[in-house]
$ cat coords-v8.cif   # mmCIF, C-alpha atoms
data_coords
#
loop_
_atom_site.label_atom_id
_atom_site.label_comp_id
_atom_site.auth_asym_id
_atom_site.auth_seq_id
_atom_site.Cartn_x
_atom_site.Cartn_y
_atom_site.Cartn_z
CA MET X 1 47.11 113.62 -26.17
CA LYS X 2 49.38 110.60 -25.84
CA SER X 3 52.33 110.69 -23.46
CA VAL X 4 55.23 108.46 -24.44
CA LYS X 5 58.74 108.03 -23.03
CA ILE X 6 61.98 107.30 -24.87
CA PRO X 7 65.29 106.47 -23.22
CA LEU X 8 67.67 109.27 -24.24
CA SER X 9 67.38 112.89 -25.34
CA VAL X 10 69.69 112.28 -28.28
CA ALA X 11 67.20 109.77 -29.62
CA VAL X 12 64.57 112.50 -29.56
CA MET X 13 66.81 114.65 -31.78
CA ALA X 14 67.38 111.83 -34.22
CA ILE X 15 63.73 111.07 -34.82
CA SER X 16 62.39 114.60 -34.39
CA VAL X 17 59.32 115.25 -36.51
CA GLY X 18 59.03 119.01 -36.34
CA ALA X 19 56.14 120.65 -34.51
CA ASN X 20 53.96 117.55 -34.37
CA ALA X 21 52.85 115.77 -31.23
CA VAL X 22 53.92 112.21 -31.94
CA GLU X 23 56.67 110.74 -29.78
CA PRO X 24 57.51 107.09 -30.41
CA GLN X 25 57.55 104.43 -27.71
CA GLY X 26 59.99 102.33 -29.70
CA VAL X 27 60.48 98.61 -30.13
CA GLN X 28 62.04 97.01 -27.07
CA LEU X 29 64.90 94.62 -27.90
CA ASP X 30 67.17 92.64 -25.61
CA SER X 31 69.64 94.10 -23.07
CA GLY X 32 67.87 97.45 -22.68
CA ILE X 33 68.08 98.36 -26.37
CA THR X 34 65.21 100.28 -27.98
CA LEU X 35 64.63 100.75 -31.72
CA LEU X 36 62.82 103.99 -32.65
CA PRO X 37 61.71 104.23 -36.30
CA SER X 38 59.56 107.02 -37.75
CA VAL X 39 58.53 108.49 -41.08
CA GLU X 40 56.82 111.76 -42.03
CA LEU X 41 55.18 112.71 -45.33
CA SER X 42 53.98 116.27 -45.93
CA VAL X 43 52.68 118.36 -48.82
CA GLU X 44 53.14 122.13 -48.63
CA ASP X 45 51.61 124.92 -50.70
CA ASN X 46 53.98 127.90 -50.52
CA ASP X 47 52.86 131.14 -52.18
CA ASN X 48 56.31 132.81 -52.01
CA VAL X 49 58.88 130.05 -52.17
CA TYR X 50 61.90 132.35 -52.83
CA LEU X 51 60.97 135.06 -50.26
CA GLN X 52 60.47 137.76 -52.89
CA PRO X 53 58.62 141.09 -52.92
CA GLU X 54 55.06 140.89 -54.22
CA GLU X 55 55.93 141.78 -57.82
CA THR X 56 58.36 138.86 -58.27
CA GLN X 57 57.07 136.17 -55.88
CA GLU X 58 56.53 132.62 -57.16
CA SER X 59 54.51 129.78 -55.69
CA SER X 60 55.34 126.09 -55.49
CA THR X 61 54.12 122.85 -54.02
CA VAL X 62 56.79 121.15 -51.92
CA THR X 63 56.49 117.44 -51.07
CA ARG X 64 58.71 116.16 -48.28
CA LEU X 65 59.48 112.61 -47.15
CA SER X 66 61.40 112.26 -43.88
CA PRO X 67 62.35 108.79 -42.62
CA ALA X 68 64.34 108.40 -39.41
CA ILE X 69 65.61 105.68 -37.13
CA ALA X 70 67.35 105.71 -33.76
CA VAL X 71 68.81 103.03 -31.53
CA ALA X 72 68.99 103.75 -27.79
CA ALA X 73 70.61 101.57 -25.12
CA ASP X 74 69.72 101.97 -21.45
CA LEU X 75 72.55 100.37 -19.47
CA GLY X 76 71.64 101.75 -16.08
CA GLN X 77 74.14 104.49 -15.25
CA THR X 78 75.14 104.69 -18.92
CA GLN X 79 72.82 105.53 -21.80
CA LEU X 80 73.82 105.40 -25.46
CA ALA X 81 72.03 106.47 -28.65
CA LEU X 82 72.64 106.52 -32.38
CA GLY X 83 70.26 108.15 -34.84
CA PHE X 84 69.90 108.77 -38.56
CA ALA X 85 67.35 111.04 -40.24
CA ALA X 86 66.89 112.09 -43.86
CA GLU X 87 64.60 114.48 -45.70
CA LYS X 88 63.84 114.49 -49.42
CA GLY X 89 62.13 117.60 -50.77
CA VAL X 90 60.58 117.89 -54.25
CA TYR X 91 59.48 121.25 -55.70
CA SER X 92 56.79 121.50 -58.38
CA ALA X 93 58.05 124.88 -59.69
CA ASP X 94 61.70 124.02 -60.38
CA LYS X 95 63.37 120.64 -59.96
CA ASP X 96 66.71 122.39 -59.33
CA ASP X 97 65.35 123.27 -55.88
CA ASN X 98 64.97 119.58 -54.97
CA TYR X 99 67.18 118.50 -52.09
CA THR X 100 68.18 115.65 -49.81
CA ASP X 101 69.26 116.46 -46.25
CA THR X 102 70.75 113.95 -43.81
CA ARG X 103 71.51 114.03 -40.10
CA ILE X 104 73.53 111.58 -38.01
CA ASN X 105 73.57 111.88 -34.22
CA VAL X 106 75.44 109.88 -31.61
CA GLY X 107 75.41 110.46 -27.87
CA ALA X 108 76.29 109.02 -24.49
CA ASP X 109 75.25 109.96 -20.95
CA PHE X 110 77.31 108.72 -18.01
CA GLU X 111 76.10 109.00 -14.40
CA MET X 112 79.51 108.60 -12.81
CA THR X 113 78.37 109.12 -9.19
CA SER X 114 75.36 110.69 -7.50
CA ARG X 115 77.05 114.08 -7.90
CA HIS X 116 79.01 113.70 -11.15
CA ALA X 117 77.64 113.24 -14.69
CA LEU X 118 79.13 113.44 -18.17
CA ALA X 119 77.26 113.90 -21.45
CA LEU X 120 78.90 113.55 -24.87
CA SER X 121 77.32 113.98 -28.29
CA ALA X 122 78.25 114.49 -31.93
CA GLN X 123 76.28 115.42 -35.04
CA VAL X 124 77.25 115.18 -38.71
CA ASN X 125 74.73 116.91 -40.99
CA SER X 126 74.45 117.53 -44.73
CA LEU X 127 71.89 120.31 -45.11
CA HIS X 128 70.74 123.11 -47.43
CA ASP X 129 69.31 126.63 -47.39
CA ALA X 130 66.49 127.17 -49.87
CA ARG X 131 67.01 129.87 -52.48
CA GLY X 132 66.15 133.22 -50.94
CA ALA X 133 66.93 132.02 -47.41
CA GLY X 134 70.69 131.46 -47.69
CA THR X 135 73.73 133.45 -48.76
CA THR X 136 71.79 135.04 -51.66
CA GLU X 137 68.58 136.97 -50.97
CA GLY X 138 66.04 139.11 -52.80
CA SER X 139 66.18 139.31 -56.60
CA ALA X 140 69.70 137.83 -56.59
CA ALA X 141 68.21 134.52 -55.40
CA LEU X 142 66.40 134.20 -58.74
CA GLU X 143 69.71 134.42 -60.61
CA ILE X 144 71.33 131.35 -59.04
CA LYS X 145 70.40 127.82 -60.08
CA ASP X 146 70.78 125.73 -56.94
CA PRO X 147 70.10 126.20 -53.22
CA ASP X 148 73.11 126.49 -50.91
CA GLU X 149 74.38 123.13 -49.66
CA TYR X 150 76.63 122.80 -46.61
CA ASP X 151 78.00 120.29 -44.11
CA GLU X 152 77.87 120.71 -40.34
CA LYS X 153 79.83 118.98 -37.60
CA ILE X 154 78.84 119.61 -33.99
CA TRP X 155 80.68 118.24 -30.97
CA ASP X 156 79.37 118.65 -27.41
CA ALA X 157 80.73 117.71 -24.00
CA ALA X 158 79.17 118.66 -20.66
CA PHE X 159 80.36 117.73 -17.17
CA THR X 160 77.91 118.34 -14.32
CA TYR X 161 78.80 118.57 -10.66
CA GLY X 162 75.88 118.63 -8.24
CA SER X 163 72.61 116.97 -7.35
CA ALA X 164 68.99 117.77 -6.65
CA ASN X 165 68.60 120.40 -3.89
CA ALA X 166 72.37 120.76 -3.54
CA LEU X 167 73.63 124.22 -2.62
CA LEU X 168 75.67 124.42 -5.84
CA ASN X 169 75.22 122.80 -9.24
CA MET X 170 77.72 123.53 -12.00
CA THR X 171 77.89 122.40 -15.63
CA PHE X 172 81.09 122.88 -17.62
CA GLY X 173 80.52 122.78 -21.35
CA LEU X 174 82.64 122.51 -24.49
CA ASN X 175 81.04 122.91 -27.93
CA ARG X 176 82.68 122.93 -31.36
CA TYR X 177 80.64 123.87 -34.44
CA GLU X 178 82.02 123.53 -37.99
CA LYS X 179 80.24 124.73 -41.15
CA GLU X 180 81.50 124.22 -44.70
CA TYR X 181 79.59 125.07 -47.90
CA GLN X 182 79.67 122.59 -50.78
CA ASN X 183 78.41 124.60 -53.77
CA ASN X 184 77.80 128.13 -55.14
CA LEU X 185 81.45 128.91 -54.38
CA ASN X 186 81.80 131.08 -57.48
CA VAL X 187 78.30 132.55 -57.85
CA ALA X 188 77.83 133.48 -54.18
CA ALA X 189 81.31 133.14 -52.62
CA THR X 190 79.88 130.73 -50.08
CA ASP X 191 83.38 129.63 -49.06
CA ASN X 192 83.79 133.00 -47.34
CA ARG X 193 81.17 131.78 -44.84
CA ASP X 194 82.96 128.55 -43.86
CA HIS X 195 83.85 128.83 -40.17
CA VAL X 196 84.58 127.08 -36.89
CA LYS X 197 83.11 128.24 -33.58
CA THR X 198 84.49 126.82 -30.32
CA THR X 199 82.62 127.67 -27.11
CA LEU X 200 83.55 127.17 -23.46
CA SER X 201 80.79 127.68 -20.89
CA VAL X 202 80.05 127.42 -17.17
CA ASP X 203 76.44 127.33 -16.00
CA THR X 204 75.92 127.65 -12.25
CA ALA X 205 72.72 127.14 -10.25
CA ILE X 206 72.77 128.19 -6.57
CA TYR X 207 70.02 126.75 -4.38
CA VAL X 208 67.60 129.32 -2.97
CA SER X 209 64.55 127.20 -2.20
CA ASP X 210 62.83 124.03 -3.38
CA ARG X 211 61.21 126.12 -6.10
CA SER X 212 63.94 128.57 -7.14
CA ASN X 213 67.64 128.86 -7.96
CA PHE X 214 69.98 131.75 -8.60
CA LEU X 215 71.64 131.34 -12.03
CA ILE X 216 75.02 132.48 -13.37
CA ASP X 217 75.86 131.63 -17.00
CA LEU X 218 79.26 132.50 -18.47
CA SER X 219 80.55 131.63 -21.95
CA THR X 220 83.25 132.57 -24.41
CA ALA X 221 83.49 131.53 -28.05
CA ASP X 222 86.38 131.72 -30.51
CA ILE X 223 85.22 132.26 -34.11
CA ASP X 224 87.63 131.36 -36.91
CA TYR X 225 86.91 131.51 -40.66
CA ASN X 226 88.50 128.98 -43.00
CA GLU X 227 89.36 131.33 -45.87
CA ASP X 228 92.13 133.88 -45.43
CA ASN X 229 91.16 137.16 -47.13
CA ILE X 230 90.11 140.70 -46.30
CA ILE X 231 86.42 139.71 -46.09
CA THR X 232 86.86 136.85 -43.62
CA GLU X 233 89.36 138.83 -41.53
CA GLY X 234 86.53 141.24 -40.70
CA ARG X 235 84.42 138.38 -39.31
CA GLU X 236 86.91 136.51 -37.15
CA GLY X 237 86.99 137.18 -33.44
CA SER X 238 85.27 136.12 -30.24
CA LEU X 239 81.93 136.31 -28.44
CA THR X 240 81.77 136.65 -24.66
CA LYS X 241 78.51 136.48 -22.72
CA ALA X 242 77.66 136.83 -19.02
CA LEU X 243 74.12 136.39 -17.65
CA VAL X 244 72.62 136.26 -14.16
CA GLY X 245 69.06 135.46 -13.14
CA MET X 246 66.63 133.12 -11.45
CA SER X 247 64.77 129.91 -12.20
CA TYR X 248 61.38 129.37 -10.60
CA ASP X 249 58.52 126.92 -10.20
CA LEU X 250 55.37 128.48 -8.74
CA THR X 251 52.44 126.35 -7.60
CA GLY X 252 53.35 123.65 -10.12
CA LYS X 253 51.58 125.55 -12.90
CA LEU X 254 53.99 128.40 -13.62
CA SER X 255 57.68 127.69 -14.20
CA GLY X 256 60.61 129.07 -16.12
CA SER X 257 63.74 131.21 -15.83
CA ALA X 258 64.90 134.76 -16.47
CA LYS X 259 68.52 135.80 -17.14
CA ILE X 260 69.97 139.14 -18.15
CA GLY X 261 73.48 140.44 -18.77
CA ALA X 262 75.76 141.51 -21.60
CA ALA X 263 77.26 140.05 -24.77
CA GLN X 264 80.38 141.40 -26.45
CA ARG X 265 81.43 140.53 -30.00
CA ASN X 266 85.12 141.29 -30.54
CA PHE X 267 86.92 141.25 -33.89
CA ASP X 268 90.54 140.39 -34.61
CA SER X 269 90.75 143.08 -37.30
CA ASN X 270 91.65 146.57 -36.12
CA ASP X 271 89.33 147.94 -38.82
CA VAL X 272 86.22 146.51 -37.12
CA ASP X 273 85.07 147.87 -33.78
CA SER X 274 83.84 145.52 -31.06
CA ASP X 275 80.15 145.60 -30.22
CA THR X 276 78.57 145.24 -26.77
CA ALA X 277 74.85 144.57 -26.41
CA LEU X 278 72.33 143.95 -23.66
CA SER X 279 71.67 140.22 -23.60
CA TRP X 280 68.87 138.20 -22.03
CA GLU X 281 67.02 134.91 -22.05
CA VAL X 282 63.56 134.60 -20.53
CA GLN X 283 61.33 131.56 -20.76
CA GLY X 284 58.14 130.71 -18.98
CA THR X 285 55.48 128.01 -19.09
CA TRP X 286 51.99 128.41 -17.67
CA THR X 287 49.75 125.37 -17.45
CA PRO X 288 46.36 126.58 -16.18
CA ARG X 289 44.95 123.13 -17.00
CA THR X 290 46.66 119.80 -17.53
CA TYR X 291 45.48 119.94 -21.15
CA SER X 292 46.40 123.56 -21.91
CA THR X 293 49.87 125.15 -21.96
CA ILE X 294 51.06 128.69 -22.74
CA THR X 295 54.77 129.18 -23.43
CA VAL X 296 56.64 132.50 -23.60
CA PHE X 297 60.24 132.92 -24.76
CA THR X 298 62.43 135.92 -25.55
CA SER X 299 66.19 136.23 -26.05
CA GLN X 300 69.06 138.14 -27.56
CA SER X 301 71.67 136.16 -29.50
CA SER X 302 74.65 136.82 -31.76
CA ASN X 303 74.78 134.76 -34.95
CA GLU X 304 77.16 134.45 -37.85
CA ALA X 305 75.58 135.99 -40.96
CA SER X 306 75.01 133.85 -44.04
CA SER X 307 74.44 136.78 -46.42
CA VAL X 308 75.88 140.22 -45.49
CA GLY X 309 77.56 141.87 -42.53
CA ASN X 310 80.11 140.74 -39.96
CA TYR X 311 77.49 139.14 -37.71
CA ILE X 312 73.81 139.41 -36.81
CA ASP X 313 72.43 140.73 -33.52
CA THR X 314 69.10 138.90 -33.18
CA LYS X 315 66.31 139.73 -30.77
CA TYR X 316 63.62 137.04 -30.78
CA SER X 317 60.28 136.75 -28.95
CA MET X 318 57.67 134.00 -29.17
CA VAL X 319 54.35 133.09 -27.56
CA SER X 320 52.61 129.76 -28.17
CA TRP X 321 49.45 128.11 -26.88
CA GLU X 322 48.83 124.37 -27.04
CA HIS X 323 45.44 122.96 -26.12
CA ASP X 324 44.37 119.32 -26.07
CA PHE X 325 40.67 119.24 -26.86
CA SER X 326 40.58 115.48 -26.36
CA GLU X 327 42.88 112.47 -26.30
CA PHE X 328 42.86 112.59 -30.09
CA PHE X 329 42.92 116.26 -31.12
CA ALA X 330 45.24 119.17 -30.24
CA LEU X 331 45.57 122.71 -31.51
CA THR X 332 48.69 124.91 -31.35
CA ALA X 333 48.78 128.66 -32.06
CA ASP X 334 52.00 130.65 -32.09
CA VAL X 335 53.29 134.11 -32.91
CA SER X 336 56.91 135.31 -33.02
CA LEU X 337 58.92 138.41 -33.85
CA ALA X 338 62.59 138.38 -34.90
CA SER X 339 64.52 141.64 -35.13
CA ASP X 340 67.87 141.26 -36.91
CA THR X 341 70.57 143.93 -37.06
CA TYR X 342 73.41 143.22 -39.50
CA TYR X 343 76.38 144.66 -37.66
CA ASN X 344 78.95 146.66 -39.65
CA GLU X 345 76.84 146.44 -42.80
CA ALA X 346 77.36 149.65 -44.85
CA ASN X 347 73.61 150.32 -45.09
CA ASP X 348 72.90 149.43 -41.43
CA ARG X 349 70.43 146.76 -42.52
CA GLU X 350 67.66 145.91 -40.08
CA ASP X 351 64.98 143.25 -40.58
CA ASP X 352 61.80 142.67 -38.58
CA THR X 353 60.08 139.35 -39.32
CA LEU X 354 56.63 138.66 -37.87
CA SER X 355 55.46 135.04 -38.05
CA TYR X 356 52.25 133.46 -36.82
CA GLY X 357 50.42 130.24 -37.42
CA LEU X 358 47.94 127.58 -36.41
CA THR X 359 48.48 123.81 -36.37
CA GLY X 360 45.88 121.14 -35.71
CA THR X 361 46.92 117.56 -34.96
CA TYR X 362 44.69 114.47 -35.01
CA SER X 363 46.12 111.39 -33.29
CA PRO X 364 43.90 108.35 -33.84
CA THR X 365 46.51 106.03 -32.28
CA THR X 366 49.61 106.41 -30.11
CA SER X 367 51.87 106.03 -33.16
CA LEU X 368 50.09 108.15 -35.79
CA ASP X 369 49.59 111.90 -36.24
CA VAL X 370 47.71 113.61 -39.04
CA TYR X 371 48.22 117.37 -39.05
CA GLY X 372 47.42 120.52 -40.94
CA SER X 373 48.95 123.95 -40.50
CA LEU X 374 48.63 127.50 -41.77
CA LYS X 375 51.71 129.73 -41.38
CA GLN X 376 52.11 133.40 -42.29
CA ALA X 377 55.37 135.38 -42.32
CA GLU X 378 55.98 139.06 -43.07
CA ARG X 379 59.41 140.69 -43.26
CA ASP X 380 60.01 144.44 -43.14
CA SER X 381 63.60 145.24 -44.16
CA SER X 382 65.47 148.52 -44.37
CA GLU X 383 67.19 147.09 -47.46
CA ALA X 384 65.29 147.69 -50.72
CA GLY X 385 63.86 144.55 -52.34
CA LEU X 386 63.96 142.34 -49.23
CA ASP X 387 60.42 142.88 -47.91
CA TYR X 388 58.14 139.88 -48.36
CA ASP X 389 54.88 138.22 -47.33
CA GLN X 390 54.63 134.43 -47.31
CA GLN X 391 51.79 132.02 -46.64
CA VAL X 392 52.39 128.29 -46.26
CA VAL X 393 49.64 125.65 -45.98
CA THR X 394 50.80 122.17 -45.02
CA LEU X 395 49.13 118.77 -44.70
CA GLY X 396 51.12 115.88 -43.30
CA VAL X 397 51.16 112.51 -41.59
CA VAL X 398 53.66 111.09 -39.10
CA LEU X 399 54.07 107.41 -38.23
CA ALA X 400 56.31 106.58 -35.29
CA ILE X 401 56.43 103.16 -33.70
#

$ encode --input "coords-v8.cif" --output "structure tokens"
Amino acid sequence: MKSVKIPLSVAVMAISVGANAVEPQGVQLDSGITLLPSVELSVEDNDNVYLQPEETQESSTVTRLSPAIAVAADLGQTQLALGFAAEKGVYSADKDDNYTDTRINVGADFEMTSRHALALSAQVNSLHDARGAGTTEGSAALEIKDPDEYDEKIWDAAFTYGSANALLNMTFGLNRYEKEYQNNLNVAATDNRDHVKTTLSVDTAIYVSDRSNFLIDLSTADIDYNEDNIITEGREGSLTKALVGMSYDLTGKLSGSAKIGAAQRNFDSNDVDSDTALSWEVQGTWTPRTYSTITVFTSQSSNEASSVGNYIDTKYSMVSWEHDFSEFFALTADVSLASDTYYNEANDREDDTLSYGLTGTYSPTTSLDVYGSLKQAERDSSEAGLDYDQQVVTLGVVLAI
């Protein structure tokens, strides 16, 4: 498959085209400036568009158009990027499900000295959750008219001290995430899910050898909900996480990292007990051939719930295999399992969602991908009426200059 470089990681985010292989080279302008335009068109056949049990599931064709453009400037020790992406989705079953999402990204990387670097980025997004996948699930999703719409603001700053093969490398991070719903305030009380999450982190890598490092990751997040009522008071609090582990690179074909530790979710309300859980993050990549890659990932994370409960304890595992049969054709197979526990939910809700799929990509030129995919998802929930099976068949084309 083609191998293309672009100047800044933020530009990759701005013109991201999902699971497809295309990566634009961009149009080189003066003074180190690169223009990166792309567009994706896909048609999806979804046999359970509202994630319903078998007796109430409905199918729909979903057509999506996703244009994007990014501008990246390589100024030597400073790199800048600005990106805009939009997605228009049209449903054949019900036009009320139609949506328009937008994303704006801006970022800057500063290499201050050989041992000091600063990265800044910001995102402003206007997004949606499809009916059945947002604040309202199961049969209740059929009773609301519109999908949930919300705005996101994400601010990131990271200062890195260290260099290649230095004894100690440290990255100090500050992240602020803001989420505010724009509709369904009365029918689904979406305003009770508006929140701000501010995270401080320190990631440390201690040199062991040319192929391994000892890792220490520490973070603490303050979680504050916008509304002031008895419901939101039971969700406010903090999340503290501590992980230790190793990164490795064996023989150039096997690389990755493994970290394990603990995560504690504390609540400001005296009526809600804190919860401590085993936490981990393991990722590995095996490349037995230059044209074949197997990736393994598993983690535990704590997420704010969009439907019920104070928060969600999520355990996620994924295996994928990507194989390039030629310069023009690649095949990707993946399988994942997500186990969600809705903490402090009266019925102790637990969901297990198994997903697997196959995607084939044909790349006749360095700027064009034609792809087809088959995805299957099955959820087993302890809550009545939330089990579902879903099959999605997608055909699409991506053009990226």

$ closest_residue --input "coords-v8.cif" --among "X:Ala93, X:Asp129, X:Asp151, X:Phe159" --to "Phe110 in chain X" --atoms "all atoms listed in the file"
X:Phe159

$ closest_residue --input "coords-v8.cif" --among "X:Asn105, X:Asn165, X:Asn192, X:Ser42" --to "Glu152 in chain X" --atoms "only C-alpha atoms"
X:Asn105

$ atom_distance --input "coords-v8.cif" --atom1 "CA of Asp94 in chain X" --atom2 "CA of Gly138 in chain X"
17.4 Å

$ residues_around --input "coords-v8.cif" --residues "Pro24 in chain X" --least-positions-apart "5" --cutoff "7 Å" --atoms "all atoms listed in the file" --output "ChimeraX atom specification"
/X:4,36,367,400-401

$ residues_near_point --input "coords-v8.cif" --point "(71.6, 115.1, -40.5)" --cutoff "12 Å" --atoms "only C-alpha atoms" --output "number ranges by chain"
X: 13-16, 66-69, 82-88, 100-106, 122-128, 150-154

$ closest_residue --input "coords-v8.cif" --among "X:Pro37, X:Gly309, X:Pro53, X:Gly252" --to "Ala141 in chain X" --atoms "all atoms listed in the file"
X:Pro53

$ resolve_selection --input "coords-v8.cif" --expression "the PyMOL selection byres ((chain X and resi 391) around 10)" --output "ChimeraX atom specification"
/X:45-49,59,355-357,374-378,389-390,392-393

$ residues_around --input "coords-v8.cif" --residues "Glu281 in chain X" --least-positions-apart "6" --cutoff "6 Å" --atoms "only C-alpha atoms" --output "MDAnalysis selection string"
chainID X and resid 258:259 298:299

$ residues_around --input "coords-v8.cif" --residues "Phe328 in chain X" --least-positions-apart "4" --cutoff "10 Å" --atoms "only C-alpha atoms" --output "ChimeraX atom specification"
/X:1-2,324,361-366,369

$ residues_near_point --input "coords-v8.cif" --point "(57.5, 126.5, -13.7)" --cutoff "12 Å" --atoms "all atoms listed in the file" --output "number ranges by chain"
X: 210-213, 246-258, 283-288, 293-296

$ write_last_selection --input "coords-v8.cif" --atoms "C-alpha atoms" --output "PDB file, keeping the file's coordinate frame"
ATOM      1  CA  ASP X 210      62.830 124.030  -3.380  1.00  0.00           C
ATOM      2  CA  ARG X 211      61.210 126.120  -6.100  1.00  0.00           C
ATOM      3  CA  SER X 212      63.940 128.570  -7.140  1.00  0.00           C
ATOM      4  CA  ASN X 213      67.640 128.860  -7.960  1.00  0.00           C
ATOM      5  CA  MET X 246      66.630 133.120 -11.450  1.00  0.00           C
ATOM      6  CA  SER X 247      64.770 129.910 -12.200  1.00  0.00           C
ATOM      7  CA  TYR X 248      61.380 129.370 -10.600  1.00  0.00           C
ATOM      8  CA  ASP X 249      58.520 126.920 -10.200  1.00  0.00           C
ATOM      9  CA  LEU X 250      55.370 128.480  -8.740  1.00  0.00           C
ATOM     10  CA  THR X 251      52.440 126.350  -7.600  1.00  0.00           C
ATOM     11  CA  GLY X 252      53.350 123.650 -10.120  1.00  0.00           C
ATOM     12  CA  LYS X 253      51.580 125.550 -12.900  1.00  0.00           C
ATOM     13  CA  LEU X 254      53.990 128.400 -13.620  1.00  0.00           C
ATOM     14  CA  SER X 255      57.680 127.690 -14.200  1.00  0.00           C
ATOM     15  CA  GLY X 256      60.610 129.070 -16.120  1.00  0.00           C
ATOM     16  CA  SER X 257      63.740 131.210 -15.830  1.00  0.00           C
ATOM     17  CA  ALA X 258      64.900 134.760 -16.470  1.00  0.00           C
ATOM     18  CA  GLN X 283      61.330 131.560 -20.760  1.00  0.00           C
ATOM     19  CA  GLY X 284      58.140 130.710 -18.980  1.00  0.00           C
ATOM     20  CA  THR X 285      55.480 128.010 -19.090  1.00  0.00           C
ATOM     21  CA  TRP X 286      51.990 128.410 -17.670  1.00  0.00           C
ATOM     22  CA  THR X 287      49.750 125.370 -17.450  1.00  0.00           C
ATOM     23  CA  PRO X 288      46.360 126.580 -16.180  1.00  0.00           C
ATOM     24  CA  THR X 293      49.870 125.150 -21.960  1.00  0.00           C
ATOM     25  CA  ILE X 294      51.060 128.690 -22.740  1.00  0.00           C
ATOM     26  CA  THR X 295      54.770 129.180 -23.430  1.00  0.00           C
ATOM     27  CA  VAL X 296      56.640 132.500 -23.600  1.00  0.00           C
TER      28      VAL X 296
END

$ resolve_selection --input "coords-v8.cif" --expression "the PyMOL selection byres ((chain X and resi 334-343) around 6)" --output "PyMOL selection string"
chain X and resi 309-320+333+344-345+349-357

$ atom_distance --input "coords-v8.cif" --atom1 "CA of Ser279 in chain X" --atom2 "CA of Thr240 in chain X"
10.8 Å

$ atom_distance --input "coords-v8.cif" --atom1 "CA of Leu120 in chain X" --atom2 "CA of Glu40 in chain X"
28.0 Å

$ closest_residue --input "coords-v8.cif" --among "X:Arg131, X:Arg176, X:His116, X:Lys95" --to "Thr160 in chain X" --atoms "all atoms listed in the file"
X:His116

$ closest_residue --input "coords-v8.cif" --among "X:Thr198, X:Ser209, X:Glu178, X:Ala81" --to "Ala164 in chain X" --atoms "only C-alpha atoms"
X:Ser209

$ residues_around --input "coords-v8.cif" --residues "Ala158 in chain X" --least-positions-apart "3" --cutoff "9 Å" --atoms "only C-alpha atoms" --output "count of residues only"
9

$ resolve_selection --input "coords-v8.cif" --expression "the PyMOL selection byres ((chain X and resi 27) around 12)" --output "list in words"
Lys5, Ile6, Pro7, Pro24, Gln25, Gly26, Gln28, Leu29, Asp30, Gly32, Ile33, Thr34, Leu35, Leu36, Pro37, Ser38, Ile69, Ala70, Val71, Ala72, Ala73, Ser367, Ala400 and Ile401 of chain X

$ residues_around --input "coords-v8.cif" --residues "Asn186 in chain X" --least-positions-apart "5" --cutoff "12 Å" --atoms "only C-alpha atoms" --output "PyMOL selection string"
chain X and resi 144+148+181+191-192

$ axis_aligned_box --input "coords-v8.cif" --around "range 214-226 of chain X" --padding-each-side "4 Å" --output "JSON"
{"center_x": 79.2, "center_y": 130.8, "center_z": -25.8, "size_x": 26.5, "size_y": 11.6, "size_z": 42.4}

$ closest_residue --input "coords-v8.cif" --among "X:Ala330, X:Ile206, X:Leu386, X:Leu200" --to "Thr359 in chain X" --atoms "all atoms listed in the file"
X:Ala330

$ decode --input "coords-v8.cif" --residues "range 325-348 of chain X" --atoms "C-alpha atoms" --output "short mmCIF file (atom, residue, chain, number, x, y, z; two decimals), in the first residue's frame"
data_model
loop_
_atom_site.label_atom_id
_atom_site.label_comp_id
_atom_site.auth_asym_id
_atom_site.auth_seq_id
_atom_site.Cartn_x
_atom_site.Cartn_y
_atom_site.Cartn_z
CA PHE X 325 -1.88 -8.33 -0.78
CA SER X 326 -0.33 -5.94 -3.28
CA GLU X 327 0.44 -2.26 -3.74
CA PHE X 328 -3.22 -1.77 -4.59
CA PHE X 329 -5.25 -4.03 -2.29
CA ALA X 330 -5.36 -4.46 1.50
CA LEU X 331 -7.60 -6.40 3.83
CA THR X 332 -8.25 -5.65 7.53
CA ALA X 333 -10.00 -8.01 9.97
CA ASP X 334 -10.79 -7.03 13.54
CA VAL X 335 -12.63 -8.29 16.59
CA SER X 336 -13.28 -6.47 19.88
CA LEU X 337 -15.07 -6.98 23.18
CA ALA X 338 -16.28 -4.14 25.43
CA SER X 339 -17.53 -4.91 28.93
CA ASP X 340 -19.32 -1.96 30.54
CA THR X 341 -20.38 -1.78 34.19
CA TYR X 342 -22.68 1.12 35.07
CA TYR X 343 -21.50 2.02 38.55
CA ASN X 344 -24.12 2.83 41.20
CA GLU X 345 -26.95 1.95 38.82
CA ALA X 346 -29.85 0.49 40.87
CA ASN X 347 -30.06 -2.64 38.69
CA ASP X 348 -26.26 -3.12 38.48
#
